[in-house]
Amino acid sequence: MGIINRAIRNISRRKIRALLVIIALGFSMAIMVSIPAGVIANQQTSSAMASNLSNVISQTSDAINKTATQIDCSLASDLSGFGFAPPDNAGGGRPFGGGSPPAGFDPSQFGGGGTPGRFGGGAFGGGQANPMNESLYTDIDSTISGIAAVEPILQASEGSNATISFFGRTFTRLVTEYTIEGIPLTSNLVDNYNILPTNITAGRNLQAGESGVVLLSENNSAYFGVGVGDTVNILDHTFTVVGIHGSSSVSDRLTLYMNLSDAQTATNNTGYITSLRVFATSSDVVTQVATSISSLHSELTVTTDQTRLNQLQTLQSTYSAQLASAQESNSQTYATAVEEIVVVVVATSLIVLFVMLYTVKERTKEIGTLKAIGFSNLNVMSQFMLEGVLLSMIAGVVGIAIGSIAAPTISSLLLPSTGISGVIRISGLSVATLNPELILALFGAAVLLGTLGSLYPAWRAAKIRPAEAMKYE
Amino acid sequence: MSKPVLQIESLNKTYMLGKRPVQALNNLNLQVNQGEFIAIMGPSGSGKTTLLNIIGAIDKPTSGQVLLDGIDVGKMPENQLYKVRRDKMGFVFQTFNLLPYLNARENVELPMEGRGKSKSEQKKRASELLALVGLSGRENHRPQRLSAGEQQRVAIARALANNPAFILADEPTGNLDSQNKQEIIKLLANLNLTQGTTIIMVTHDSQAANHTERMLLLKDGKIVKEKEGLHLAKKNNKCPHCGNDIQISDSTCPSCKKPIYSSDEIFST
């Protein structure tokens, strides 16, 4: 009849009491293990958020830098929205689509690790720009000072006519199937001005000096039924698909990118462009450059993105504030967790202490008898320590069981939620889970707290006089 | 003449009851020989249990000597005394004091723990002892499934576990009916005869005391009277009434037909 066997029998002797104690201890141990699990999850979440925010902040900085120096130029929009045939291309009938409107900033581009959009590059369907002679490009570039680079753009939408009935009247409307965007693939623009889409989902991006190649959107890829490496026939011209871009905005969804001269050839618009994007040497001279362009070419609509710049700067400061508050709330969470763990550790030890003290008091006569028949103080002490530790270990198992189910609930109840709210949502927030290290640590804590809590009661037990066996009340 | 196994000289024990000192034992002297069966009697508060506790090394004397095989246990440190209790003493209590969550055999095995015996040896010894006290076949019964008399038998078997020099019994019949009382006294008497174990029994019960070989009357912490009991004659296989030969197992004398266990009052109070 060993000491362990006796400890087990003693615990199971009063089943209801043992059950209640184990449930109480089990819950406090579940809390004990759920809090660190929650802290770990919170840290993962907030570090993901922080790195995401840092990305967004640096992207926004890029955007600000670009926006600050960017000037969009186009001919007055033809708001009818119908196709337009260039004057020197009577038989062509290639309609020009999509302008280069001062695109509104789309905050959705910034969520979830999104890439910065291609600013202002989208065909928004807000009107179609009229073509202008390519010579404007060299003209502006050479005559106006304060210009770092000029990007001439040719944008043309291809589609089919659809008939629409509207209040009994019939209209014919062009439904866009894809939009060609021709951009000059010079190394200066490609390397320094980020004129290409950044979100490449397959293959690679266009490279400086390339020709006869095309970068499709996912939508285009499905429309033409081709993938990376395939050749695709666009307006009777053959191109090799080098990559697929994931659209970062609605306007980008139908857009395929190619070299400007390829686009001009394919759309029979040699010598024509639809818009110009001028990059000033610095944000200080933007207004001056824009004024110069306007006075030189009064036919152009010249837009500097002051509004968008303001928006971006506001967003930037919001993000920075949120990053700071995330770090702040992280340390707050940590402090709260430490406080709560201290409380629950003390509570657990106290439960063990009181239960074991009660047991010792209740079994005074039994202890006296054991000592009278020859048990040493050490025997008695280890008997009660073992009972306390065993009780605590059983509760530890229960705590792990409860924790593995309820850790997310418990930790979200007890810990302040990670402090970035509202503007930025991160998909896949980390959930509190018990990893093997935590389970092992809890088991260690159970043994430790069982030992700690039963130390004093066991010492009291050892001090009971054997003569207690003779008290016959 | 048997050699003395216990010599008590000038034993004093003073308790503090609150701030009032109470002299439980007052300059007490006692010599117990090997194999004696002694009853200690006396009114409440006369110091019976205190004396038994000091002999059993569970209480310490205030002054005086308690020589157990020539060693003064009164001066032994606490961390040695448990060995004396374990190896030399077998306690029997009025309330049996069995562990309720252990069966009879496991209760008997308890004192053997820490003596370096193997589990199977402990088990064998416990079964033998239970057979000796007439409980073979009841080894696996827990105390609540045993009668009071049976529980006290288990307690006696437990007391014998380590082959002690003494059995110290504190009112062993105090919680038993007359039938079981007689059985337990007979059992102790037979153990004394067959095993040669020295037995010191504290009792209020003069009938029980009468069946020991020497009765001591304690009063105010002193032995005030000593008397021979019926057991002395029995030890010599003589009828305590007529002096003719008897057998250990006889309950009445074959010659004079008187009951060997009588209920004569021996001490007047």
# chains A, B, ... in the order shown; residues from 1 in each chain; ligands from 1
call {"tool": "interface_residues", "arguments": {"of": "chain A", "to": "chain B", "cutoff": "10 Å", "atoms": "only C-alpha atoms", "output": "ChimeraX atom specification"}}
result
/A:1-3,6,9-10,12-13,365-379,465-473
call {"tool": "select_by_dssp", "arguments": {"residues": "region 101-176 of chain B", "states": "strand (DSSP E or B)", "output": "list in words"}}
result
Phe166, Ile167, Leu168, Ala169 and Asp170 of chain B
call {"tool": "residues_around", "arguments": {"residues": "Tyr15 (chain B)", "least_positions_apart": "3", "cutoff": "12 Å", "atoms": "only C-alpha atoms", "output": "list in words"}}
result
Asn12, Gly18, Lys19, Arg20, Pro21, Val22, Gln23, Ala24, Leu25, Asn26, Gly45, Gly47, Thr50, Asp59, Lys60, Pro61 and Thr62 of chain B
call {"tool": "select_by_dssp", "arguments": {"residues": "region 13-138 of chain B", "states": "helix (DSSP H, G or I)", "output": "PyMOL selection string"}}
result
chain B and resi 48-55+73-75+78-88+104-112+119-132
call {"tool": "write_last_selection", "arguments": {"atoms": "C-alpha atoms", "output": "mmCIF file, in the first residue's frame"}}
result
data_model
loop_
_atom_site.group_PDB
_atom_site.id
_atom_site.type_symbol
_atom_site.label_atom_id
_atom_site.label_comp_id
_atom_site.auth_asym_id
_atom_site.auth_seq_id
_atom_site.Cartn_x
_atom_site.Cartn_y
_atom_site.Cartn_z
ATOM 1 C CA LYS B 48 -3.211 6.731 33.180
ATOM 2 C CA THR B 49 -3.117 7.864 29.573
ATOM 3 C CA THR B 50 -0.211 10.243 30.229
ATOM 4 C CA LEU B 51 1.793 7.354 31.624
ATOM 5 C CA LEU B 52 0.927 5.168 28.640
ATOM 6 C CA ASN B 53 1.877 7.969 26.225
ATOM 7 C CA ILE B 54 5.239 8.465 27.898
ATOM 8 C CA ILE B 55 5.950 4.732 27.825
ATOM 9 C CA VAL B 73 13.602 7.346 25.566
ATOM 10 C CA GLY B 74 12.642 10.471 27.468
ATOM 11 C CA LYS B 75 15.852 12.081 26.292
ATOM 12 C CA GLU B 78 11.888 13.767 18.265
ATOM 13 C CA ASN B 79 13.324 12.638 14.934
ATOM 14 C CA GLN B 80 14.387 9.344 16.541
ATOM 15 C CA LEU B 81 11.261 8.678 18.577
ATOM 16 C CA TYR B 82 9.156 7.644 15.584
ATOM 17 C CA LYS B 83 11.475 4.651 15.153
ATOM 18 C CA VAL B 84 10.890 3.628 18.761
ATOM 19 C CA ARG B 85 7.141 3.857 18.186
ATOM 20 C CA ARG B 86 7.394 1.973 14.916
ATOM 21 C CA ASP B 87 9.755 -0.806 15.989
ATOM 22 C CA LYS B 88 9.130 -1.285 19.732
ATOM 23 C CA ALA B 104 -8.045 -4.648 6.899
ATOM 24 C CA ARG B 105 -4.854 -5.975 5.336
ATOM 25 C CA GLU B 106 -3.694 -2.533 4.186
ATOM 26 C CA ASN B 107 -4.287 -1.161 7.686
ATOM 27 C CA VAL B 108 -2.120 -3.916 9.138
ATOM 28 C CA GLU B 109 0.610 -3.231 6.553
ATOM 29 C CA LEU B 110 0.873 0.470 7.515
ATOM 30 C CA PRO B 111 3.496 0.174 10.308
ATOM 31 C CA MET B 112 5.630 -2.082 8.106
ATOM 32 C CA LYS B 119 5.345 -5.631 -0.738
ATOM 33 C CA SER B 120 4.769 -9.380 -0.834
ATOM 34 C CA GLU B 121 6.419 -9.853 2.557
ATOM 35 C CA GLN B 122 4.205 -7.139 4.021
ATOM 36 C CA LYS B 123 1.145 -8.719 2.511
ATOM 37 C CA LYS B 124 2.052 -12.178 3.788
ATOM 38 C CA ARG B 125 2.774 -10.911 7.289
ATOM 39 C CA ALA B 126 -0.472 -8.928 7.393
ATOM 40 C CA SER B 127 -2.487 -11.968 6.320
ATOM 41 C CA GLU B 128 -0.805 -14.121 8.968
ATOM 42 C CA LEU B 129 -1.555 -11.558 11.672
ATOM 43 C CA LEU B 130 -5.178 -11.265 10.604
ATOM 44 C CA ALA B 131 -5.428 -15.051 10.802
ATOM 45 C CA LEU B 132 -3.867 -14.907 14.281
#
call {"tool": "atom_distance", "arguments": {"atom1": "CA of Ile164 (chain A)", "atom2": "CA of Arg253 (chain A)"}}
result
23.4 Å
call {"tool": "residues_around", "arguments": {"residues": "region 178-191 of chain B", "least_positions_apart": "3", "cutoff": "9 Å", "atoms": "only C-alpha atoms", "output": "compact mmCIF listing (two decimals) with C-alpha atoms, in the first residue's frame"}}
result
# COMPACT_ATOMS: atom_id res chain seq x y z
CA PHE B 37 0.32 -8.33 31.11
CA LEU B 132 -3.87 -14.91 14.28
CA VAL B 133 -6.59 -12.51 15.50
CA ALA B 148 -16.58 -3.07 16.35
CA GLY B 149 -14.98 -6.21 17.75
CA GLU B 150 -13.55 -7.11 14.37
CA GLN B 152 -10.39 -3.86 17.26
CA ARG B 153 -8.92 -7.20 16.16
CA ILE B 156 -4.43 -5.48 17.44
CA PRO B 172 -9.22 -1.24 24.23
CA THR B 173 -12.63 -2.47 25.41
CA GLY B 174 -14.11 0.96 26.04
CA ASN B 175 -16.23 0.94 22.88
CA THR B 194 1.55 -17.53 23.03
CA GLN B 195 3.64 -14.64 21.61
CA GLY B 196 5.14 -13.49 24.89
CA THR B 197 4.36 -9.84 24.05
CA ILE B 199 1.07 -5.77 27.26
CA ALA B 208 -11.11 -6.49 31.99
CA ALA B 209 -8.36 -5.50 34.41
CA HIS B 211 -7.84 -10.75 33.62
CA THR B 212 -4.36 -9.28 33.53
CA HIS B 231 -3.98 -14.05 34.45
CA ILE B 248 -5.46 -21.81 28.33
CA SER B 249 -8.58 -22.24 26.27
CA TYR B 261 -13.29 -14.71 33.72
call {"tool": "atom_distance", "arguments": {"atom1": "CA of Gly159 (chain A)", "atom2": "CA of Val175 (chain A)"}}
result
5.2 Å
call {"tool": "atom_distance", "arguments": {"atom1": "CA of Leu11 (chain B)", "atom2": "CA of Lys463 (chain A)"}}
result
25.2 Å
call {"tool": "residues_around", "arguments": {"residues": "Leu312 (chain A)", "least_positions_apart": "3", "cutoff": "10 Å", "atoms": "only C-alpha atoms", "output": "MDAnalysis selection string"}}
result
chainID A and resid 57 60:61 63:64 67 105 107 306:309 315:318
call {"tool": "closest_residue", "arguments": {"among": "B:Ile40, B:Phe166, B:Glu213, B:Val32", "to": "Thr198 (chain B)", "atoms": "only C-alpha atoms"}}
result
B:Phe166
